Every structure is written in C-alpha cells, then in structure tokens.
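Have a look at model-v5.txt below; it lists compact mmCIF, C-alpha atoms.
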# COMPACT_ATOMS: atom_id res chain seq x y z
CA MET A 1 68.72 100.20 125.80
CA GLN A 2 69.39 99.20 129.40
CA THR A 3 72.13 96.63 129.93
CA ARG A 4 73.18 94.44 132.85
CA PHE A 5 76.77 93.51 132.10
CA SER A 6 78.83 92.81 135.22
CA PRO A 7 82.04 94.70 136.04
CA ALA A 8 83.97 91.52 135.31
CA GLN A 9 82.41 91.28 131.86
CA LEU A 10 83.13 94.93 131.13
CA ALA A 11 86.80 94.33 131.89
CA ASP A 12 86.89 92.48 128.56
CA PRO A 13 87.41 95.08 125.78
CA GLU A 14 85.20 93.17 123.34
CA MET A 15 82.34 92.84 125.80
CA ALA A 16 82.69 96.47 126.89
CA ALA A 17 82.52 97.65 123.27
CA SER A 18 79.40 95.56 122.63
CA ALA A 19 77.74 96.82 125.80
CA ALA A 20 78.35 100.41 124.67
CA VAL A 21 76.82 99.67 121.26
CA ILE A 22 73.73 98.05 122.77
CA ARG A 23 73.18 100.99 125.14
CA ARG A 24 72.95 103.38 122.19
CA CYS A 25 70.00 101.52 120.68
CA VAL A 26 66.67 103.23 121.47
CA HIS A 27 64.40 100.54 119.94
CA CYS A 28 63.13 103.01 117.29
CA GLY A 29 62.98 100.42 114.52
CA PHE A 30 64.09 102.75 111.72
CA CYS A 31 66.67 100.09 110.83
CA THR A 32 64.01 97.54 109.91
CA ALA A 33 62.86 99.69 106.99
CA THR A 34 66.20 99.28 105.21
CA CYS A 35 67.23 95.77 106.35
CA PRO A 36 67.19 93.38 103.36
CA THR A 37 66.43 90.24 105.36
CA TYR A 38 63.62 91.90 107.30
CA LEU A 39 62.09 93.14 104.05
CA LEU A 40 62.25 89.64 102.57
CA LEU A 41 61.31 87.53 105.59
CA GLY A 42 59.18 89.90 107.68
CA ASP A 43 60.53 88.45 110.94
CA GLU A 44 61.50 90.87 113.72
CA LEU A 45 64.37 88.54 114.61
CA ASP A 46 65.70 88.89 111.07
CA GLY A 47 66.01 92.66 111.44
CA PRO A 48 68.72 94.63 113.27
CA ARG A 49 66.55 95.51 116.28
CA GLY A 50 65.55 91.90 116.83
CA ARG A 51 69.09 90.67 116.38
CA ILE A 52 70.34 93.23 118.89
CA TYR A 53 67.91 91.80 121.47
CA LEU A 54 69.18 88.29 120.73
CA MET A 55 72.84 89.34 120.97
CA LYS A 56 72.21 91.34 124.16
CA GLU A 57 70.61 88.36 125.89
CA MET A 58 73.32 85.95 124.72
CA LEU A 59 76.25 88.17 125.69
CA GLU A 60 74.86 89.48 128.97
CA THR A 61 74.11 86.03 130.31
CA GLU A 62 77.15 84.47 128.61
CA ALA A 63 74.72 81.82 127.42
CA GLN A 64 75.48 78.91 125.15
CA PRO A 65 74.28 80.05 121.70
CA THR A 66 71.10 78.30 120.63
CA ALA A 67 70.31 77.09 117.13
CA GLU A 68 67.65 79.80 116.84
CA VAL A 69 70.04 82.62 117.74
CA VAL A 70 72.68 81.27 115.36
CA LEU A 71 70.10 81.03 112.56
CA HIS A 72 69.12 84.69 112.80
CA ILE A 73 72.71 85.95 113.22
CA ASP A 74 73.82 83.83 110.25
CA ARG A 75 71.06 85.36 108.14
CA CYS A 76 72.48 88.84 108.73
CA LEU A 77 74.35 90.04 105.64
CA SER A 78 76.49 92.57 107.53
CA CYS A 79 75.43 94.96 104.77
CA LEU A 80 75.38 97.78 107.38
CA SER A 81 72.39 99.49 105.81
CA CYS A 82 71.00 99.71 109.33
CA MET A 83 73.97 101.87 110.35
CA THR A 84 73.27 104.36 107.58
CA THR A 85 69.64 104.56 108.70
CA CYS A 86 70.18 104.63 112.47
CA PRO A 87 69.60 108.05 114.08
CA SER A 88 71.45 106.97 117.23
CA ASP A 89 74.75 105.97 115.58
CA VAL A 90 74.54 102.37 116.77
CA ASN A 91 77.67 100.61 115.50
CA TYR A 92 75.93 97.39 114.57
CA MET A 93 79.03 96.19 112.68
CA HIS A 94 81.16 95.91 115.80
CA LEU A 95 78.35 94.24 117.74
CA VAL A 96 77.55 91.56 115.16
CA ASP A 97 81.25 90.87 114.57
CA HIS A 98 81.67 90.22 118.30
CA ALA A 99 78.55 88.04 118.40
CA ARG A 100 79.84 85.95 115.51
CA ALA A 101 83.18 85.42 117.22
CA TYR A 102 81.31 84.44 120.40
CA ILE A 103 79.19 81.94 118.45
CA GLU A 104 82.20 80.52 116.63
CA GLU A 105 83.91 79.83 119.95
CA ARG A 106 80.93 78.32 121.78
CA TYR A 107 78.55 76.77 119.28
CA LYS A 108 79.09 73.41 117.56
CA ARG A 109 77.55 73.58 114.14
CA PRO A 110 76.32 70.54 112.16
CA TRP A 111 79.20 68.76 110.46
CA ARG A 112 78.21 69.92 106.97
CA GLU A 113 78.37 73.56 108.02
CA ARG A 114 81.67 73.05 109.82
CA LEU A 115 83.15 71.38 106.74
CA MET A 116 81.99 74.07 104.32
CA ARG A 117 83.00 76.97 106.55
CA SER A 118 86.45 75.47 107.17
CA LEU A 119 86.91 74.87 103.45
CA LEU A 120 85.96 78.44 102.58
CA ALA A 121 88.23 79.88 105.28
CA TRP A 122 91.14 77.78 104.04
CA VAL A 123 90.68 78.35 100.30
CA LEU A 124 89.32 81.84 99.63
CA PRO A 125 91.98 83.98 101.38
CA ASN A 126 94.79 82.15 99.54
CA PRO A 127 95.05 83.01 95.80
CA LYS A 128 96.92 79.81 94.88
CA ARG A 129 94.39 77.58 96.64
CA PHE A 130 91.50 79.58 95.28
CA ARG A 131 92.77 79.36 91.70
CA LEU A 132 93.21 75.59 92.06
CA ALA A 133 89.75 75.24 93.62
CA LEU A 134 88.16 77.09 90.69
CA ALA A 135 89.93 74.79 88.22
CA LEU A 136 88.72 71.71 90.11
CA ALA A 137 85.19 73.14 90.31
CA ARG A 138 85.05 73.55 86.55
CA LEU A 139 86.25 69.98 86.02
CA THR A 140 83.81 68.50 88.53
CA ARG A 141 80.79 70.70 87.70
CA PRO A 142 78.74 67.67 86.53
CA ALA A 143 79.06 66.26 90.05
CA ALA A 144 77.51 69.34 91.65
CA PRO A 145 74.12 67.66 92.33
CA ILE A 146 75.85 64.81 94.17
CA GLY A 147 77.91 67.25 96.22
CA ALA A 148 74.77 69.20 97.06
CA LEU A 149 73.10 66.02 98.34
CA ILE A 150 76.07 65.24 100.58
CA VAL A 151 77.04 68.67 101.89
CA GLY A 152 73.92 70.69 101.10
CA PRO A 153 72.83 73.74 99.04
CA PRO A 154 76.09 75.67 99.61
CA VAL A 155 77.86 73.28 97.22
CA ALA A 156 75.35 73.94 94.45
CA ALA A 157 75.68 77.68 95.09
CA MET A 158 79.46 77.46 94.91
CA PHE A 159 79.34 75.70 91.53
CA ALA A 160 76.80 78.20 90.22
CA LEU A 161 79.12 81.09 91.09
CA THR A 162 82.21 79.47 89.54
CA PRO A 163 83.28 81.27 86.34
CA ARG A 164 83.10 79.15 83.20
CA THR A 165 86.62 80.15 82.17
CA GLN A 166 89.72 80.85 84.20
CA ALA A 167 91.22 84.33 83.97
CA ARG A 168 94.95 84.32 83.35
CA PRO A 169 97.04 85.62 86.27
CA VAL A 170 98.43 89.11 85.82
CA ALA A 171 101.75 89.87 87.48
CA PRO A 172 101.58 92.85 89.86
CA GLU A 173 103.75 95.09 87.74
CA THR A 174 103.95 98.81 88.35
CA SER A 175 105.24 101.64 86.24
CA PRO A 176 106.56 105.02 87.29
CA ALA A 177 103.97 107.75 87.27
CA PRO A 178 104.51 110.38 84.58
CA VAL A 179 104.08 113.11 87.19
CA ARG A 180 104.94 112.39 90.81
CA ARG A 181 102.00 113.63 92.88
CA GLY A 182 102.49 110.96 95.50
CA ARG A 183 103.25 107.34 96.26
CA VAL A 184 100.60 104.75 97.12
CA ALA A 185 100.47 101.05 97.92
CA LEU A 186 97.80 99.05 96.08
CA LEU A 187 96.22 96.18 98.00
CA GLN A 188 96.98 92.95 96.15
CA GLY A 189 94.08 91.07 97.71
CA CYS A 190 93.09 87.43 97.43
CA ALA A 191 89.86 86.78 95.50
CA GLU A 192 89.94 89.72 93.07
CA PRO A 193 93.27 88.92 91.33
CA VAL A 194 92.06 85.35 90.78
CA LEU A 195 88.58 86.21 89.49
CA ARG A 196 89.31 89.49 87.64
CA PRO A 197 93.07 90.16 87.40
CA GLY A 198 92.42 92.95 84.91
CA ILE A 199 91.03 95.15 87.67
CA ARG A 200 94.42 95.50 89.33
CA ALA A 201 96.14 96.26 86.03
CA ALA A 202 93.50 98.91 85.26
CA ALA A 203 93.96 100.43 88.71
CA VAL A 204 97.70 100.79 88.20
CA ARG A 205 97.23 102.50 84.85
CA VAL A 206 94.65 104.95 86.17
CA LEU A 207 96.68 105.78 89.28
CA ASN A 208 99.72 106.40 87.08
CA ARG A 209 97.69 108.73 84.86
CA ALA A 210 96.70 110.55 88.03
CA GLY A 211 100.40 111.12 88.74
CA LEU A 212 100.71 108.53 91.49
CA HIS A 213 103.50 106.00 91.78
CA VAL A 214 102.08 102.57 92.66
CA ALA A 215 103.90 100.11 94.90
CA PHE A 216 103.08 96.54 95.86
CA VAL A 217 104.25 95.59 99.33
CA PRO A 218 105.89 92.13 99.38
CA GLY A 219 104.21 89.65 101.71
CA GLU A 220 100.91 91.51 101.98
CA ALA A 221 97.91 89.31 101.28
CA CYS A 222 94.32 88.79 102.45
CA CYS A 223 93.01 91.59 104.64
CA GLY A 224 91.22 89.12 106.94
CA SER A 225 87.73 90.24 106.00
CA LEU A 226 86.42 86.84 104.92
CA VAL A 227 87.39 85.03 108.12
CA HIS A 228 86.46 88.05 110.24
CA HIS A 229 82.83 87.88 109.11
CA MET A 230 82.80 84.13 109.71
CA GLY A 231 83.57 84.75 113.38
CA ARG A 232 87.18 83.55 113.17
CA HIS A 233 88.45 86.39 115.29
CA GLU A 234 92.02 85.26 115.87
CA ALA A 235 92.59 84.46 112.20
CA ALA A 236 91.34 87.93 111.29
CA LEU A 237 93.62 89.58 113.83
CA GLU A 238 96.57 87.55 112.57
CA ALA A 239 95.94 88.82 109.04
CA ALA A 240 95.55 92.38 110.31
CA ARG A 241 98.79 92.27 112.29
CA ARG A 242 100.73 90.88 109.33
CA ASN A 243 99.53 93.60 107.00
CA VAL A 244 99.97 96.35 109.59
CA ASP A 245 103.59 95.29 110.09
CA LEU A 246 104.30 95.23 106.35
CA TRP A 247 102.58 98.52 105.56
CA THR A 248 104.16 100.25 108.56
CA ARG A 249 107.60 99.17 107.36
CA GLU A 250 106.80 100.52 103.89
CA ILE A 251 105.53 103.80 105.33
CA ASP A 252 108.63 104.26 107.45
CA THR A 253 111.07 103.17 104.74
CA ASN A 254 109.70 104.67 101.51
CA GLY A 255 106.68 106.72 102.54
CA LEU A 256 103.05 106.24 101.49
CA ASP A 257 100.35 108.78 100.86
CA ALA A 258 97.61 106.15 100.83
CA ILE A 259 96.87 102.44 100.90
CA VAL A 260 94.57 102.06 97.91
CA VAL A 261 91.89 99.38 97.84
CA THR A 262 89.85 98.24 94.83
CA VAL A 263 87.67 95.78 96.81
CA SER A 264 85.33 97.76 99.02
CA GLY A 265 84.73 94.80 101.33
CA CYS A 266 88.44 94.76 102.09
CA GLY A 267 88.51 98.53 102.46
CA THR A 268 85.88 98.50 105.19
CA THR A 269 87.88 95.97 107.19
CA ILE A 270 91.24 97.70 106.73
CA LYS A 271 89.72 101.00 107.80
CA ASP A 272 88.63 99.15 110.95
CA TYR A 273 92.08 97.74 111.82
CA GLY A 274 92.49 100.51 114.39
CA PHE A 275 89.41 99.27 116.25
CA MET A 276 90.21 95.59 115.81
CA LEU A 277 93.68 95.99 117.32
CA ARG A 278 92.89 98.78 119.80
CA ALA A 279 93.57 96.56 122.84
CA ASP A 280 96.92 95.27 121.56
CA PRO A 281 99.61 97.61 122.92
CA ALA A 282 102.09 96.47 120.27
CA TYR A 283 99.72 97.29 117.40
CA ALA A 284 97.13 99.85 118.49
CA GLU A 285 99.02 102.92 117.28
CA LYS A 286 100.33 101.29 114.11
CA ALA A 287 96.93 99.90 113.18
CA ALA A 288 95.25 103.28 113.63
CA ARG A 289 97.89 104.81 111.38
CA VAL A 290 97.27 102.20 108.67
CA SER A 291 93.49 102.59 108.90
CA ALA A 292 93.82 106.35 108.46
CA LEU A 293 95.77 105.81 105.21
CA ALA A 294 93.35 103.25 103.71
CA LYS A 295 91.29 104.68 100.84
CA ASP A 296 88.96 103.25 98.24
CA ILE A 297 90.41 103.93 94.80
CA THR A 298 87.52 106.28 93.97
CA GLU A 299 88.38 108.40 97.02
CA VAL A 300 91.94 108.74 95.75
CA LEU A 301 90.87 109.57 92.21
CA ALA A 302 88.10 112.00 93.20
CA ASP A 303 90.35 115.07 92.95
CA ALA A 304 93.01 113.61 90.67
CA PRO A 305 93.99 115.37 87.41
CA LEU A 306 92.86 112.60 85.07
CA PRO A 307 92.80 113.22 81.31
CA PRO A 308 89.41 113.83 79.67
CA GLY A 309 87.39 110.64 79.36
CA ASP A 310 85.48 109.28 76.39
CA GLY A 311 82.85 106.87 77.63
CA ARG A 312 81.00 107.10 74.28
CA GLY A 313 77.89 108.07 76.22
CA LEU A 314 77.27 104.44 77.23
CA LYS A 315 74.67 104.12 79.96
CA VAL A 316 76.12 102.70 83.17
CA ALA A 317 73.97 101.40 86.01
CA TYR A 318 76.10 102.00 89.07
CA HIS A 319 75.67 99.42 91.82
CA SER A 320 76.79 100.93 95.12
CA ALA A 321 78.34 98.09 97.12
CA CYS A 322 77.12 97.97 100.73
CA SER A 323 80.66 97.94 102.05
CA LEU A 324 81.34 101.17 100.15
CA GLN A 325 78.14 103.16 100.73
CA HIS A 326 77.29 101.90 104.24
CA GLY A 327 80.67 100.69 105.50
CA GLN A 328 82.73 103.65 104.27
CA SER A 329 80.15 106.35 103.42
CA VAL A 330 81.57 106.65 99.89
CA THR A 331 78.57 107.33 97.68
CA GLU A 332 79.14 110.15 95.19
CA ALA A 333 82.79 109.83 94.11
CA PRO A 334 82.32 106.70 91.93
CA LYS A 335 79.35 108.19 90.08
CA GLN A 336 81.08 111.53 89.60
CA LEU A 337 84.19 109.83 88.22
CA LEU A 338 82.14 107.78 85.75
CA ALA A 339 80.24 110.86 84.63
CA ALA A 340 83.49 112.79 84.18
CA ALA A 341 84.80 109.89 82.10
CA GLY A 342 81.98 110.38 79.62
CA PHE A 343 79.44 107.79 80.74
CA THR A 344 75.77 108.36 81.39
CA VAL A 345 75.35 107.22 84.99
CA ALA A 346 72.09 105.88 86.40
CA SER A 347 71.31 104.68 89.93
CA PRO A 348 68.80 101.83 90.30
CA ALA A 349 65.86 101.98 92.69
CA GLU A 350 66.47 100.46 96.13
CA GLY A 351 70.17 101.17 95.70
CA HIS A 352 70.66 100.88 99.45
CA LEU A 353 69.73 97.18 99.44
CA CYS A 354 72.34 94.42 99.30
CA CYS A 355 72.77 92.27 96.18
CA GLY A 356 73.19 89.16 98.34
CA SER A 357 76.93 88.64 97.91
CA ALA A 358 78.17 89.66 101.38
CA GLY A 359 81.44 87.72 101.49
CA THR A 360 80.52 84.04 101.72
CA TYR A 361 76.81 84.73 102.27
CA ASN A 362 75.80 83.78 98.73
CA ILE A 363 77.34 80.36 99.35
CA MET A 364 76.12 79.75 102.89
CA GLN A 365 72.67 81.36 102.46
CA PRO A 366 71.99 80.76 98.74
CA LYS A 367 68.19 81.03 98.84
CA ILE A 368 68.10 84.50 100.41
CA ALA A 369 71.09 85.62 98.34
CA ALA A 370 69.36 84.60 95.10
CA GLN A 371 66.21 86.51 96.06
CA LEU A 372 68.26 89.63 96.77
CA ARG A 373 70.21 89.27 93.52
CA ASP A 374 67.04 88.93 91.49
CA ARG A 375 65.51 91.95 93.22
CA LYS A 376 68.66 93.93 92.50
CA LEU A 377 68.67 92.88 88.84
CA PHE A 378 65.00 93.77 88.42
CA ASN A 379 65.79 97.34 89.48
CA ILE A 380 68.94 97.51 87.36
CA GLU A 381 67.31 96.13 84.22
CA ALA A 382 64.50 98.68 84.55
CA LEU A 383 67.12 101.31 83.60
CA SER A 384 68.04 99.49 80.34
CA PRO A 385 71.76 100.11 80.87
CA ASP A 386 74.59 99.09 78.56
CA ILE A 387 76.89 98.20 81.46
CA ILE A 388 76.71 97.54 85.20
CA ALA A 389 79.56 98.98 87.28
CA ALA A 390 80.50 98.15 90.86
CA GLY A 391 83.47 98.59 93.16
CA ASN A 392 83.52 95.19 94.86
CA ILE A 393 84.43 91.84 93.31
CA GLY A 394 81.89 89.93 95.41
CA CYS A 395 79.05 92.09 94.12
CA MET A 396 80.33 91.75 90.56
CA VAL A 397 80.33 87.94 90.69
CA GLN A 398 76.95 87.82 92.42
CA ILE A 399 75.21 90.18 89.99
CA ALA A 400 76.88 88.64 86.93
CA SER A 401 75.60 85.19 87.95
CA GLY A 402 72.08 86.29 86.95
CA ALA A 403 72.67 89.12 84.48
CA ASN A 404 72.81 89.32 80.71
CA ILE A 405 74.35 92.79 80.99
CA PRO A 406 78.15 92.95 81.34
CA VAL A 407 79.42 93.71 84.86
CA VAL A 408 82.71 95.57 85.27
CA HIS A 409 84.65 97.34 87.97
CA THR A 410 84.29 101.10 88.14
CA VAL A 411 88.03 101.58 87.68
CA GLU A 412 88.05 99.41 84.54
CA LEU A 413 85.61 101.81 82.91
CA ILE A 414 87.59 104.86 84.02
CA ASP A 415 90.76 103.23 82.67
CA TRP A 416 89.21 102.43 79.29
CA ALA A 417 87.67 105.89 78.94
CA THR A 418 90.97 107.62 79.70
CA GLY A 419 93.14 105.60 77.32
CA GLY A 420 93.28 102.04 78.58
CA PRO A 421 92.18 98.81 76.86
CA LEU A 422 88.61 97.60 76.57
CA PRO A 423 87.62 95.65 79.71
CA PRO A 424 87.41 91.93 78.83
CA ALA A 425 83.84 91.71 80.15
CA LEU A 426 82.68 94.17 77.46
CA ALA A 427 84.06 92.22 74.49
CA GLY A 428 81.49 90.47 72.35
CA HIS A 429 78.41 92.28 73.60
CA ASP A 430 75.82 93.85 71.31
CA PHE A 431 77.18 97.36 71.71
CA SER A 432 80.83 96.39 71.11
CA ARG A 433 80.97 98.15 67.71
CA ARG A 434 80.24 101.43 69.46
CA LEU A 435 83.48 101.03 71.41
CA SER A 436 85.84 101.02 68.43
Represent the structure of the file as structure tokens.
Amino acid sequence: MQTRFSPAQLADPEMAASAAVIRRCVHCGFCTATCPTYLLLGDELDGPRGRIYLMKEMLETEAQPTAEVVLHIDRCLSCLSCMTTCPSDVNYMHLVDHARAYIEERYKRPWRERLMRSLLAWVLPNPKRFRLALALARLTRPAAPIGALIVGPPVAAMFALTPRTQARPVAPETSPAPVRRGRVALLQGCAEPVLRPGIRAAAVRVLNRAGLHVAFVPGEACCGSLVHHMGRHEAALEAARRNVDLWTREIDTNGLDAIVVTVSGCGTTIKDYGFMLRADPAYAEKAARVSALAKDITEVLADAPLPPGDGRGLKVAYHSACSLQHGQSVTEAPKQLLAAAGFTVASPAEGHLCCGSAGTYNIMQPKIAAQLRDRKLFNIEALSPDIIAAGNIGCMVQIASGANIPVVHTVELIDWATGGPLPPALAGHDFSRRLS
C-alpha cells in the first residue's frame, strides 16, 4: 500500500513503524475471511483491511480522530486472527496499538466512556482494588439496572461477568523442584490470581514435577496489557519498564531459564516488550532479553519429563485463546499435553475465532462480545465435552458466563492428571464420580 508520510513524521519511531506496516498491506482481503467482527457485521470498515485504510488516513494526515474512526477501531478485538491469515506478514497488532494510543491522546470520548475506561484502567491491573471491586459488585448486584441506565451497557456487562462467589487468595508459595532441570520465574499477574488463584498453585506443582524450581520476583505485577490495549501507551510502558528492571535483576542475580506465563494475553504483551521499548536506550537491550525468555507454560512443559497422566478419558474441548494461537503461534503444545495427560482432546469448529473476551472488550462492547461467546459455545457444545480447557483467564470468564460445562485452565487439568487436586471448577458436576 502506498503511503505519504513526511520525513518529519517518519522521524517518530511509532509513526515509522506504522508506516512500514501499512506499506506491507497489498489489499488482498484474505484477512476479512477470518475477522470476527467482519463476519458478524459485514462492514468493510469492521474488517482489518478497512481499518487499515482508516488508520492510514488518520495517521498520515495527523487528523483529529472522528467518532466514526473511533467506533470501528474500538470494535476491533485485537484477536490477531488477521495476522495468522495474512500472506504479506502485516503486523496489524503494532499498527492498531499505535492507532489506539493516537486516539487516546487526541480524541475526547463521551463522559460515560471516559469514566468506565478510567475505572477499568485503575481497578483491573491492581489485585487489591480488583478484589475489592468484585466484593462490592456482588453486594450491589441488584443495582445493576440503575447503573446501566446511568453509565450504559458496560455496567450491566461488568455485573454479568462478576463471579457469584469470591475465590480465596492463595499465597504465592513455591517449593523446591525434586530434580533441578532449571529455574523459572512465574508471572504473578493481576486478574488471574483474583479470579482463579488455583491456577497459579497448579502451575507451581506441575513445574516442580517437571523438575523446575519456581521463583516469584518481588514487586512484579501487571504486565501492562490491559492499559496497552486501551491506548494508554505511557502507562503500558511504565509497567513494562518496571517488570523489565525486576526480571533483569533476577536474571543477573540468580539466573532464569524462562519467565513462565499462565495468561496468554499477558504472554503476548511480554513477548513484545522488546518492540515496545526498542526506542528507549536504557531499556531496549534489557527488554529484548526479557521478551526472549518469556514462555507460555505449555511451551515450557512441552518437552518436560512429566509423570504419566490419568485424565480418566474425559473429553476436553480445547479453546485456543487468540493471544496464544495468533499472538504467539502456540497451537499444538496445549493439546498434546492434555492428550499425554490422558484426556480425549477435541477442537471445536471455527477455533480461530475469538470468544469475545479480548481484555476489556466484553465490558466495553458487550453486544458483539455476547454474540461471539454464543457462537463459540455453539461450536463447543456440538462436541458434547465433559470439560472446556483454555489458557487465558479472560477467555475462561467469558466462556463460563454462558456455559453449563465447567471451564478450567489447561494447567489445572495437567496438574490433576499428574497427581494434583481436583480443580475447584470440576467439583459438583455430573461426571464428578468418575474422578474419584
């Protein structure tokens, strides 16, 4: 695609990177075939090709973002299915991230949107605030219709996604691996330990069985993914720099073979730290080093000497999170690990399509998110599985909000099958007697 960025614009690293991405696009339209919003809405401007035209025009002319442009960019899930499909290797992720930061800086949203987005950015990355917010949401659930009238549909969506019961916090304890094959740091995260603290405990047990010593790095917290995809560029970079400093110190002091991530949305962002901080001379090299060490837990376990698993032959529908299959190109390892653990693994039709979670998307775009969730569940339920497994907490919450089938993290199933406790989400279901 021909571009007309000026030399002055190209002196800006962000603008230069976006210009390079746009130039790779050849207008072929293959991306529209796998774009969830295009498939649902049928609007060219709600597909990657159309959005690229909108972003090109906005960035080239340095125009004030219009409400129409913002609407179509906001509707993008950042599922990155278009990148998997694209024959020209267009890095749509970097382009849309830049466009969102540009919009955030120059566009004044309606007050309801500003309020909700600020609230989400303040609460979700902080586990203490998030835990308190969930407790308040449960207490005030009867007031959800009133809140929806005042602030809009996102409030109703937020209440609908709030778990009925609060999971008890689990301290990030580690234990020495029985056989020292290596030393890894496990991302502590922000939303996952609040919503499903058992995932982290299961990850530690499985990594220990694989002969890996697990460390938690003091001070490390949110990866910055949530604010990054909301266009809050500086907040995302601040989170990245903090974590890069802490992990670099741990690498230099005690050594790390990997930085293990159990939330694939976080993993995609951490693996991109090198790009995000490429223009910062104080962080470019360190960030690239950290990104190279970041691994999804299934990547780490793929060749690990785990004990034989006993999944009792339960049928597992594996939901491949967009951030894992499209963002990190990790597709086979989770299924192979589940199969090796004794489960019967099935992949639903349209597995490349997003479930509608996408960070805060299911709150800010609840109508589209619900349609995508229901479409996902239709394909999953057609398999008649006993369990749904996924590797991303956002997907788990989104799918569970409409499912009667238990939804668990992939590593929870691997942990249970190789000697760990029954995942809490499986207790009380019809097949529970088969798990004794």
* Can you tell me, as an MDAnalysis selection string, what residues are no more than 12 Å from Arg232 of chain A when counting all atoms listed in the file, ignoring any on the same chain fewer than 4 positions away? -> chainID A and resid 97:106 117:118 120:122 224:228 236:239
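If you measure from each of A:Lys376, A:Arg289, A:Arg180, A:His229 to Cys266 of chain A using all atoms listed in the file, the closest one turns out to be A:His229.
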* To do: Please identify all polymer residues within 10 Å of Ala389 of chain A, counting only C-alpha atoms, omitting same-chain residues fewer than 4 positions from it, and present them as a PyMOL selection string.
  => chain A and resi 316-321+334-335+338+345+395-396+406-413
* **Contacts of segment 29-36 of chain A at 9 Å (only C-alpha atoms; same-chain gap of 5+ positions) as a PyMOL selection string** => chain A and resi 41+44+46-49+76-77+79-87+352-354+356+372
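Among A:Asp74, A:Glu299, A:Asp280, A:Asp245, the residue with the shortest atom-to-atom distance to Asn362 of chain A, counting all atoms listed in the file, is A:Asp74.
Of the listed residues A:Ala425, A:Glu60, A:Arg24, A:Val123, the one whose atoms come nearest to Ser88 of chain A is A:Arg24, with distances taken using only C-alpha atoms.
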* Find the distance between atom CA of Lys108 of chain A and atom CA of Thr61 of chain A and write it in Å to one decimal. => 18.6 Å
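Closest approach to Ile368 of chain A among A:Ala304, A:Leu139, A:Val260, A:Leu40: A:Leu40, based on all atoms listed in the file.
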* Considering all atoms listed in the file, state which residue in the set A:Asp89, A:Ile52, A:Leu383, A:Tyr38 is at the smallest distance from Thr3 of chain A. => A:Ile52
* If I put a ball of radius 7 Å at (90.8, 96.3, 88.9) in the file's coordinates, which residues poke into it when counting only C-alpha atoms, written as number ranges by chain? -> A: 197-203, 262, 409, 411-412
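Interatomic distance, atom CA of Pro218 of chain A to atom CA of Asp303 of chain A: 28.4 Å.
Compared by their closest atoms to Gln336 of chain A, and using all atoms listed in the file, the residues A:Val263, A:Ala302, A:Cys355, A:Val217 rank with A:Ala302 nearest.
Note that the spacing between atom CA of Asp296 of chain A and atom CA of Phe216 of chain A amounts to 15.8 Å.
Within the 10 Å cut-off around Lys295 of chain A, using all atoms listed in the file and omitting residues fewer than 4 positions from it on the same chain, the listed residues are Leu186, Asp257, Ala258, Ile259, Val260, Val261, Thr262, Ser264, Gly267, Thr268, Ile270, Lys271, Ser291, Glu299, Val300, Leu301, Gln328 and Val330 of chain A.
Using only C-alpha atoms, the residues found no farther than 10 Å from Lys315 of chain A, other than those of its own chain fewer than 5 positions away, are Ala339, Gly342, Phe343, Thr344, Val345, Ala346, Leu383, Ser384, Pro385, Asp386, Ile387 and Ile388 of chain A.
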Box centre and edge lengths (Å, one decimal), axis-aligned, segment 282-289 of chain A plus 5 Å each side, as lines of an AutoDock Vina configuration file:
center_x = 98.7
center_y = 100.6
center_z = 115.8
size_x = 16.8
size_y = 18.3
size_z = 18.9
